[in-house]
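Source file: query.csv. Holds: CSV, C-alpha atoms.
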```csv
chain,number,residue,atom,x,y,z
A,1,MET,CA,78.4,-32.1,92.9
A,2,ALA,CA,79.3,-35.8,92.5
A,3,THR,CA,76.0,-36.5,91.0
A,4,LEU,CA,76.4,-33.6,88.6
A,5,VAL,CA,79.7,-35.0,87.5
A,6,GLU,CA,78.1,-38.4,87.0
A,7,THR,CA,75.2,-37.0,85.0
A,8,LEU,CA,77.5,-35.0,82.8
A,9,THR,CA,79.9,-37.9,82.2
A,10,SER,CA,77.1,-40.2,81.1
A,11,ALA,CA,75.2,-37.6,79.1
A,12,LEU,CA,77.9,-35.8,77.3
A,13,SER,CA,80.9,-38.2,77.4
A,14,PRO,CA,83.3,-35.2,77.6
A,15,LEU,CA,87.0,-35.3,76.8
A,16,LYS,CA,87.8,-34.4,80.3
A,17,ILE,CA,85.9,-33.4,83.4
A,18,GLU,CA,87.5,-32.1,86.6
A,19,LEU,CA,86.6,-30.3,89.8
A,20,SER,CA,88.6,-27.1,89.9
A,21,SER,CA,88.7,-25.0,93.1
A,22,ASP,CA,85.8,-22.8,92.0
A,23,MET,CA,83.6,-24.8,89.7
A,24,PRO,CA,83.5,-28.0,87.7
A,25,VAL,CA,85.2,-27.8,84.3
A,26,ILE,CA,84.3,-29.9,81.3
A,27,ILE,CA,86.2,-30.0,78.1
A,28,VAL,CA,84.2,-31.1,75.1
A,29,GLU,CA,84.9,-32.0,71.5
A,30,LYS,CA,84.1,-28.9,69.4
A,31,THR,CA,81.8,-30.9,67.2
A,32,ARG,CA,79.6,-31.7,70.3
A,33,LEU,CA,79.8,-28.2,71.8
A,34,ILE,CA,76.3,-27.1,70.9
A,35,GLU,CA,74.8,-30.4,72.0
A,36,ALA,CA,76.7,-30.2,75.3
A,37,ILE,CA,75.7,-26.6,76.1
A,38,GLN,CA,72.1,-27.3,75.0
A,39,PHE,CA,72.0,-30.1,77.6
A,40,LEU,CA,73.5,-27.9,80.3
A,41,VAL,CA,70.8,-25.3,79.6
A,42,GLN,CA,67.8,-27.6,79.2
A,43,ASP,CA,68.4,-30.6,81.6
A,44,SER,CA,66.3,-30.1,84.7
A,45,GLU,CA,69.2,-31.1,87.0
A,46,CYS,CA,71.7,-28.8,85.3
A,47,CYS,CA,69.6,-25.8,84.3
A,48,PHE,CA,72.6,-23.5,83.6
A,49,THR,CA,70.4,-20.9,81.9
A,50,PHE,CA,72.7,-17.9,82.0
A,51,LEU,CA,75.8,-17.3,79.9
A,52,THR,CA,78.1,-15.3,82.2
A,53,ASP,CA,81.1,-15.0,79.9
A,54,LEU,CA,82.7,-16.3,76.8
A,55,CYS,CA,86.3,-15.7,75.9
A,56,GLY,CA,89.2,-17.0,73.8
A,57,ILE,CA,92.5,-18.6,74.9
A,58,HIS,CA,95.6,-19.4,73.0
A,59,TYR,CA,98.1,-22.2,73.8
A,60,PRO,CA,100.9,-21.7,71.2
A,61,ASP,CA,103.3,-24.2,72.8
A,62,GLN,CA,101.0,-27.2,72.6
A,63,ASN,CA,101.5,-29.6,69.7
A,64,PRO,CA,99.6,-28.8,67.6
A,65,PRO,CA,99.1,-25.2,68.8
A,66,VAL,CA,95.5,-24.6,69.8
A,67,LEU,CA,93.0,-21.9,70.2
A,68,GLY,CA,90.2,-22.4,72.7
A,69,VAL,CA,86.9,-20.9,73.8
A,70,VAL,CA,85.9,-20.9,77.5
A,71,TYR,CA,82.2,-20.6,78.4
A,72,HIS,CA,81.0,-19.8,81.9
A,73,LEU,CA,77.5,-20.8,82.6
A,74,HIS,CA,75.4,-20.0,85.7
A,75,ASN,CA,72.4,-21.7,87.3
A,76,MET,CA,70.4,-18.8,88.7
A,77,VAL,CA,68.2,-21.0,90.9
A,78,LYS,CA,70.9,-22.9,92.8
A,79,ASN,CA,73.6,-20.3,92.3
A,80,THR,CA,76.0,-22.9,90.9
A,81,ARG,CA,78.4,-22.4,88.0
A,82,ILE,CA,80.1,-24.5,85.4
A,83,ARG,CA,83.0,-23.9,82.9
A,84,VAL,CA,83.0,-25.4,79.5
A,85,LYS,CA,86.0,-25.5,77.2
A,86,ALA,CA,86.4,-26.4,73.5
A,87,PHE,CA,89.6,-26.3,71.5
A,88,THR,CA,90.5,-26.1,67.9
A,89,PRO,CA,93.9,-26.2,66.1
A,90,VAL,CA,95.2,-22.7,65.2
A,91,SER,CA,95.5,-23.9,61.6
A,92,GLU,CA,91.7,-24.3,61.5
A,93,PRO,CA,90.2,-21.7,64.0
A,94,VAL,CA,86.6,-22.6,63.6
A,95,ILE,CA,84.1,-23.2,66.5
A,96,PRO,CA,80.3,-23.4,66.3
A,97,SER,CA,78.5,-20.2,67.3
A,98,LEU,CA,76.3,-20.1,70.4
A,99,THR,CA,74.1,-17.3,69.1
A,100,GLY,CA,71.3,-19.8,68.5
A,101,LEU,CA,71.1,-20.6,72.2
A,102,PHE,CA,72.1,-17.2,73.8
A,103,SER,CA,71.6,-13.8,72.2
A,104,SER,CA,74.2,-12.5,74.6
A,105,ALA,CA,76.9,-14.6,72.8
A,106,ASN,CA,76.7,-12.4,69.7
A,107,TRP,CA,79.0,-9.5,70.8
A,108,MET,CA,81.1,-11.8,73.0
A,109,GLU,CA,81.8,-14.0,70.0
A,110,ARG,CA,82.6,-10.9,67.9
A,111,GLU,CA,85.0,-9.7,70.5
A,112,THR,CA,86.7,-13.2,70.6
A,113,TYR,CA,86.9,-13.2,66.8
A,114,ASP,CA,88.4,-9.6,67.0
A,115,PHE,CA,91.1,-10.6,69.4
A,116,PHE,CA,91.9,-14.3,68.7
A,117,GLY,CA,90.7,-14.7,65.1
A,118,ILE,CA,88.4,-17.6,66.1
A,119,ARG,CA,85.6,-17.9,63.5
A,120,PHE,CA,82.3,-18.8,64.9
A,121,GLU,CA,80.4,-20.8,62.5
A,122,GLY,CA,76.7,-19.7,62.2
A,123,HIS,CA,77.3,-16.3,63.7
A,124,PRO,CA,74.9,-13.8,62.0
A,125,GLU,CA,77.4,-10.9,61.6
A,126,LEU,CA,80.9,-11.9,62.5
A,127,LYS,CA,83.0,-8.7,62.2
A,128,ARG,CA,85.4,-6.9,64.4
A,129,LEU,CA,83.8,-5.3,67.5
A,130,LEU,CA,86.5,-3.2,69.3
A,131,ASN,CA,89.5,-2.8,67.0
A,132,MET,CA,89.9,-0.9,63.8
A,133,ASP,CA,88.1,-2.5,60.9
A,134,ASP,CA,91.2,-2.4,58.7
A,135,MET,CA,93.3,-4.3,61.3
A,136,VAL,CA,94.7,-7.6,59.9
A,137,ASP,CA,96.2,-9.1,63.1
A,138,PHE,CA,94.5,-10.7,66.1
A,139,PRO,CA,96.2,-8.9,69.0
A,140,MET,CA,95.6,-11.4,71.8
A,141,ARG,CA,97.4,-14.2,70.1
A,142,LYS,CA,100.7,-14.8,71.8
A,143,GLU,CA,102.8,-14.2,68.7
A,144,PHE,CA,101.5,-10.7,68.4
A,145,MET,CA,104.2,-8.2,69.4
A,146,LEU,CA,103.6,-6.2,72.5
A,147,GLU,CA,105.2,-2.9,71.4
A,148,ASP,CA,103.4,-1.0,68.6
A,149,PRO,CA,105.5,-0.8,65.4
A,150,THR,CA,104.3,2.7,64.7
A,151,ARG,CA,106.0,4.0,67.9
A,152,THR,CA,108.6,6.6,67.0
A,153,ASP,CA,109.9,8.1,70.2
A,154,LYS,CA,111.4,4.9,71.7
A,155,GLN,CA,115.0,4.5,70.7
A,156,ASP,CA,116.6,1.1,71.2
A,157,ALA,CA,119.7,2.6,72.8
A,158,TYR,CA,117.7,3.8,75.8
A,159,PHE,CA,116.4,0.3,76.4
A,160,GLY,CA,119.8,-1.5,76.1
A,161,ARG,CA,119.1,-3.3,72.8
B,1,MET,CA,108.3,39.2,75.2
B,2,PRO,CA,105.5,41.8,75.3
B,3,THR,CA,102.7,41.1,77.8
B,4,MET,CA,99.0,41.2,76.9
B,5,THR,CA,98.7,44.9,77.5
B,6,GLU,CA,101.9,45.9,75.8
B,7,SER,CA,101.6,47.3,72.4
B,8,PRO,CA,103.7,46.0,69.5
B,9,PRO,CA,106.6,48.1,68.2
B,10,GLY,CA,105.3,51.1,66.1
B,11,VAL,CA,105.1,54.8,65.9
B,12,SER,CA,102.8,56.7,68.2
B,13,GLY,CA,101.9,60.3,68.5
B,14,GLN,CA,99.0,62.2,69.9
B,15,GLY,CA,95.8,60.3,69.3
B,16,PHE,CA,97.3,57.7,66.9
B,17,PHE,CA,99.4,54.6,66.8
B,18,LEU,CA,101.0,53.2,63.7
B,19,THR,CA,102.2,49.6,63.4
B,20,SER,CA,102.2,47.0,60.6
B,21,LEU,CA,98.9,45.1,59.8
B,22,GLU,CA,100.7,41.9,60.6
B,23,LYS,CA,101.4,42.9,64.1
B,24,ALA,CA,98.0,44.4,64.7
B,25,VAL,CA,96.3,41.1,63.5
B,26,GLY,CA,98.8,39.1,65.6
B,27,LEU,CA,97.9,41.1,68.7
B,28,ALA,CA,94.2,40.7,68.2
B,29,ARG,CA,94.3,37.0,67.4
B,30,LYS,CA,96.7,36.2,70.2
B,31,ASN,CA,94.4,37.5,72.8
B,32,SER,CA,91.2,36.0,71.6
B,33,ILE,CA,92.0,32.3,71.0
B,34,TRP,CA,88.9,30.1,71.3
B,35,PRO,CA,90.0,26.7,72.4
B,36,LEU,CA,88.2,23.5,71.5
B,37,PRO,CA,88.9,20.9,74.3
B,38,PHE,CA,89.2,17.4,73.0
B,39,ALA,CA,89.6,15.7,76.4
B,40,THR,CA,89.7,12.0,76.6
B,41,SER,CA,91.3,11.1,79.9
B,42,CYS,CA,93.2,12.4,82.9
B,43,CYS,CA,94.8,15.3,81.1
B,44,GLY,CA,91.3,16.5,80.5
B,45,ILE,CA,90.8,16.7,84.2
B,46,GLU,CA,93.9,18.9,84.5
B,47,PHE,CA,92.5,21.1,81.7
B,48,MET,CA,89.2,21.5,83.7
B,49,ALA,CA,91.3,22.8,86.6
B,50,THR,CA,93.2,25.1,84.1
B,51,MET,CA,89.9,26.4,82.7
B,52,ALA,CA,88.3,26.9,86.1
B,53,SER,CA,88.6,30.0,88.4
B,54,HIS,CA,91.9,29.1,90.2
B,55,TYR,CA,94.1,29.0,87.1
B,56,ASP,CA,91.6,30.7,84.8
B,57,LEU,CA,92.4,30.3,81.2
B,58,ALA,CA,90.2,33.2,80.4
B,59,ARG,CA,93.0,35.5,81.5
B,60,PHE,CA,94.7,34.7,78.2
B,61,GLY,CA,91.7,35.6,76.1
B,62,SER,CA,90.3,32.1,75.9
B,63,GLU,CA,87.1,33.0,77.7
B,64,ARG,CA,84.9,30.9,75.6
B,65,PRO,CA,85.9,27.2,75.2
B,66,SER,CA,84.2,26.4,71.9
B,67,PHE,CA,82.5,23.0,71.7
B,68,SER,CA,82.0,23.3,68.0
B,69,PRO,CA,85.1,23.0,65.8
B,70,ARG,CA,83.7,25.5,63.3
B,71,GLN,CA,84.1,28.4,65.8
B,72,ALA,CA,87.3,27.3,67.3
B,73,ASP,CA,90.9,28.5,66.7
B,74,LEU,CA,92.8,26.1,68.9
B,75,LEU,CA,92.3,22.3,69.1
B,76,MET,CA,93.5,21.1,72.5
B,77,VAL,CA,93.9,17.4,72.5
B,78,MET,CA,94.2,16.1,76.0
B,79,GLY,CA,94.5,12.4,76.7
B,80,THR,CA,94.9,9.0,75.1
B,81,VAL,CA,93.6,8.8,71.6
B,82,ALA,CA,92.7,5.3,70.5
B,83,LYS,CA,93.5,4.3,66.9
B,84,LYS,CA,89.8,4.0,66.3
B,85,LEU,CA,89.3,7.6,67.4
B,86,GLY,CA,92.1,8.9,65.0
B,87,PRO,CA,89.7,9.4,62.0
B,88,VAL,CA,87.3,11.3,64.3
B,89,LEU,CA,90.0,13.6,65.6
B,90,LYS,CA,91.0,14.2,62.0
B,91,LYS,CA,87.5,15.1,61.0
B,92,VAL,CA,87.2,17.5,63.9
B,93,TYR,CA,90.4,19.2,62.8
B,94,GLU,CA,89.2,19.4,59.2
B,95,GLN,CA,86.0,21.1,60.3
B,96,MET,CA,88.0,23.9,61.9
B,97,ALA,CA,88.3,27.1,59.9
B,98,GLU,CA,91.7,28.6,59.2
B,99,PRO,CA,93.7,29.9,60.9
B,100,ARG,CA,93.8,26.9,63.3
B,101,TRP,CA,96.3,25.7,65.8
B,102,VAL,CA,96.8,22.4,67.6
B,103,ILE,CA,98.2,21.7,71.1
B,104,ALA,CA,99.0,18.1,72.2
B,105,VAL,CA,98.6,18.0,76.0
B,106,GLY,CA,100.3,15.2,77.9
B,107,ALA,CA,102.4,12.2,77.0
B,108,CYS,CA,99.6,10.2,75.4
B,109,ALA,CA,98.5,12.9,72.9
B,110,SER,CA,102.2,13.7,72.2
B,111,SER,CA,103.6,10.2,71.7
B,112,GLY,CA,101.2,7.5,73.0
B,113,GLY,CA,102.6,7.8,76.5
B,114,ILE,CA,102.7,4.5,78.4
B,115,PHE,CA,100.3,3.0,76.0
B,116,ASP,CA,102.8,1.4,73.6
B,117,THR,CA,100.2,-1.0,72.3
B,118,TYR,CA,98.1,-2.0,69.3
B,119,SER,CA,95.0,0.0,70.2
B,120,VAL,CA,96.5,3.4,70.9
B,121,LEU,CA,97.5,6.1,68.4
B,122,GLN,CA,101.2,6.7,69.0
B,123,GLY,CA,100.8,10.5,69.1
B,124,ILE,CA,98.2,12.6,67.4
B,125,ASP,CA,100.8,13.9,65.0
B,126,LYS,CA,100.3,10.6,63.2
B,127,VAL,CA,97.0,12.1,61.9
B,128,ILE,CA,97.1,15.9,62.3
B,129,PRO,CA,99.8,18.5,62.4
B,130,VAL,CA,100.7,19.7,66.0
B,131,ASP,CA,102.0,23.2,66.9
B,132,VAL,CA,102.9,22.7,70.6
B,133,TYR,CA,103.5,19.6,72.7
B,134,VAL,CA,103.1,19.8,76.5
B,135,PRO,CA,104.9,17.0,78.3
B,136,GLY,CA,103.7,15.4,81.5
B,137,CYS,CA,101.6,12.5,82.7
B,138,PRO,CA,99.4,14.4,83.3
B,139,PRO,CA,100.9,17.9,83.1
B,140,ARG,CA,100.0,20.4,85.8
B,141,PRO,CA,97.7,23.3,84.9
B,142,GLU,CA,100.8,25.6,85.0
B,143,GLN,CA,102.3,23.5,82.2
B,144,ILE,CA,99.1,23.7,80.1
B,145,ILE,CA,99.1,27.4,80.6
B,146,ASP,CA,102.8,27.5,79.5
B,147,GLY,CA,101.7,25.5,76.4
B,148,LEU,CA,98.9,28.0,75.7
B,149,MET,CA,101.3,30.9,76.0
B,150,LYS,CA,103.7,29.2,73.5
B,151,ILE,CA,100.7,29.0,71.1
B,152,GLN,CA,100.0,32.7,71.8
B,153,GLU,CA,103.6,33.4,70.8
B,154,LEU,CA,103.1,31.4,67.5
B,155,VAL,CA,99.8,33.2,66.8
B,156,GLU,CA,101.4,36.6,67.4
B,157,LYS,CA,104.3,36.0,65.1
B,158,GLU,CA,102.5,34.3,62.3
B,159,PRO,CA,103.2,36.1,59.0
B,160,LEU,CA,100.3,37.3,57.0
B,161,GLY,CA,99.5,34.9,54.1
B,162,TRP,CA,101.1,31.9,55.9
B,163,ARG,CA,97.9,29.9,55.6
B,164,GLN,CA,97.8,30.5,51.9
B,165,SER,CA,101.5,29.7,51.3
B,166,ALA,CA,102.7,26.6,49.4
B,167,GLN,CA,104.8,25.7,52.5
B,168,TYR,CA,101.7,25.4,54.7
B,169,LYS,CA,99.8,23.5,52.1
B,170,ALA,CA,102.7,21.1,51.9
B,171,ILE,CA,102.5,20.5,55.6
B,172,LEU,CA,98.8,19.7,55.4
B,173,ALA,CA,99.3,17.5,52.3
B,174,GLN,CA,101.6,15.3,54.4
B,175,TYR,CA,98.6,14.4,56.5
B,176,GLY,CA,96.3,14.1,53.5
B,177,ILE,CA,94.3,17.1,54.4
B,178,GLU,CA,92.7,19.2,51.6
```

Write the structure described by the file as C-alpha cells, please.
Amino acid sequence: MATLVETLTSALSPLKIELSSDMPVIIVEKTRLIEAIQFLVQDSECCFTFLTDLCGIHYPDQNPPVLGVVYHLHNMVKNTRIRVKAFTPVSEPVIPSLTGLFSSANWMERETYDFFGIRFEGHPELKRLLNMDDMVDFPMRKEFMLEDPTRTDKQDAYFGR
Amino acid sequence: MPTMTESPPGVSGQGFFLTSLEKAVGLARKNSIWPLPFATSCCGIEFMATMASHYDLARFGSERPSFSPRQADLLMVMGTVAKKLGPVLKKVYEQMAEPRWVIAVGACASSGGIFDTYSVLQGIDKVIPVDVYVPGCPPRPEQIIDGLMKIQELVEKEPLGWRQSAQYKAILAQYGIE
C-alpha cells in the first residue's frame, strides 16, 4: 500500500492522497482527471481496470460551493480498490467524461447529470436517465426541497407550521 | 341497498317485469364490471388476494380481469405511480371505452402516500379523474371489495346519457382528455 501511495504521488501529483479505512483516496485536479484514471487503468502496478461506481456529491457549505464526482475503481487481479475524487465549482459544473475509457460510465454519468446537474464534457448523449425529461431541477442538490410542491393533502396546520 | 339478486323497483305481474331502462342498464352493468388491474406495488399484492379464491372478486361480476384497456370498464390503480409513469397511465385511461370508471387503491394512488418526493405522482387524480378512493397502506382485501362495491353503487345509479353530458365532458376537459 505504501508503495502504491508513493507511485501515485510521484506519477499523478494529486491534490491530496489519504488512506481511508477501506481504500486509498486520491483527489485530483479535474483538468488532470482523465490522465490520472488512464494511469490507474494502464499502469502495470495499479491495473485498476474495472469502474465499480461513479456518483455525484454536493458540498453547498464550502466556499465556493462545490460539486464533485467520486469514482470507485477495482483491480480484479489483486482485489484491491481505489477511490478517485474530482471537484468543480457549482457555478461551472463541468467535469470531463470517462466514456472514452469505460463504456460503463455512459449511463452512470447520465444519472449523475440527471440528479446533480454535472455536465460531462465529451459524453456522447448527455440527457436525463431516470427523471422526467421536462424536469428542470437537479433533485440531489442540497437546496432542492424535500417535499413535493404538487402535494395537496398535507395541510401545514397538521404539521405545526 | 339492493343486493345482486334483488330486482330494481318496478311493476311485476305474471310472466313480466316492468322497470325503467336506466335501472335495467344499471343492474346489468353493475354486475358485469371488467376490471383492468394497474398494479405497481404492494397494493397490487393485496389485489391479487382480493382476486383469488378466498376473497373472490368474481362474486361481484368481475370474473374476468381485463388486461387490455379496450375491453375494460374499471381501471384499478393500485400502488405508487412515478411521475414518469403518469403519461402512461393517462394513455391507458384514454384507450378505455366509455363508460369507464377509476378506483384509486391505497395511499400512494390516492395522494402519493409516504412518497412526498420529486419522483412520485402526488395522487393519480393529477392526471385522470377518479371515482372511488380506497385508503390504507396497503388496504386489506375487504377494503378493496368495499371500494368495488362503492363503484357498483355508482355504476347502478348512473343516469342514462351522463357520458354524453356537457357536465361529464367538462370533467374530462379538466384533465385535457378528448

Compute the set of chain A residues within 12 Å of chain B, using all atoms listed in the file, and express it as a ChimeraX atom specification. /A:115,128-140,144-154

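One distance worth recording is that between CA of Lys150 (chain B) and CA of Trp101 (chain B), which is 11.2 Å.
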
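Across B:Leu36, B:Ala107, B:Met96, B:Ile171, the tightest approach to Gly79 (chain B) is made by B:Ala107 when counting only C-alpha atoms.
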
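Note that the spacing between CA of Val88 (chain B) and CA of Pro141 (chain B) amounts to 26.0 Å.
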
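Closest to Phe102 (chain A) among A:Glu121, A:Asp22, A:Asp53, A:Glu6 is A:Asp53, based on only C-alpha atoms.
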
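Across B:Ala28, B:Pro129, B:Gly136, B:Leu148, the tightest approach to Ala170 (chain B) is made by B:Pro129 when counting only C-alpha atoms.
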
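Taking CA of Ser13 (chain A) and CA of Cys47 (chain A) as the two end points, the separation is 18.1 Å.
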
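Near Thr52 (chain A), within 10 Å and counting all atoms listed in the file, sit A:Tyr71, A:His72, A:Leu73, A:His74, A:Asn75, A:Arg81, A:Ile82, A:Arg83, A:Ser104, A:Ala105, not including residues fewer than 6 positions from it in the same chain.
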
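Each of B:Gly26, B:Pro139, B:Pro35, B:Gly161 was checked against Gly61 (chain B) using only C-alpha atoms; the smallest atom-to-atom distance is that of B:Pro35.
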
Which one is closest to Phe48 (chain A): A:Val77, A:Ile34, A:Val5, A:Leu67? Count all atoms listed in the file. A:Val77

Near Gly56 (chain A), within 12 Å and counting only C-alpha atoms, which residues show up once chain neighbours fewer than 2 positions away are dropped, as number ranges by chain? A: 53-54, 58-59, 66-72, 84-88, 90, 93-95, 108-120, 138-142

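Residues having any atom no farther than 9 Å from (88.0, 26.0, 63.7) (counting all atoms listed in the file) are Trp34, Pro35, Leu36, Ser68, Pro69, Arg70, Gln71, Ala72, Asp73, Leu74, Leu75, Val92, Tyr93, Glu94, Gln95, Met96, Ala97, Glu98, Pro99, Arg100 and Trp101 of chain B.
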
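If you count only C-alpha atoms and draw a sphere of 8 Å around (91.3, 8.8, 77.7), the protein and nucleic acid residues inside it come out as Ala39, Thr40, Ser41, Cys42, Gly79, Thr80 and Val81 of chain B.
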
Just want the 8 Å neighbourhood of Val130 (chain B), counted on all atoms listed in the file, with same-chain residues fewer than 4 positions away dropped. Output as a ChimeraX atom specification. /B:101-104,124-125
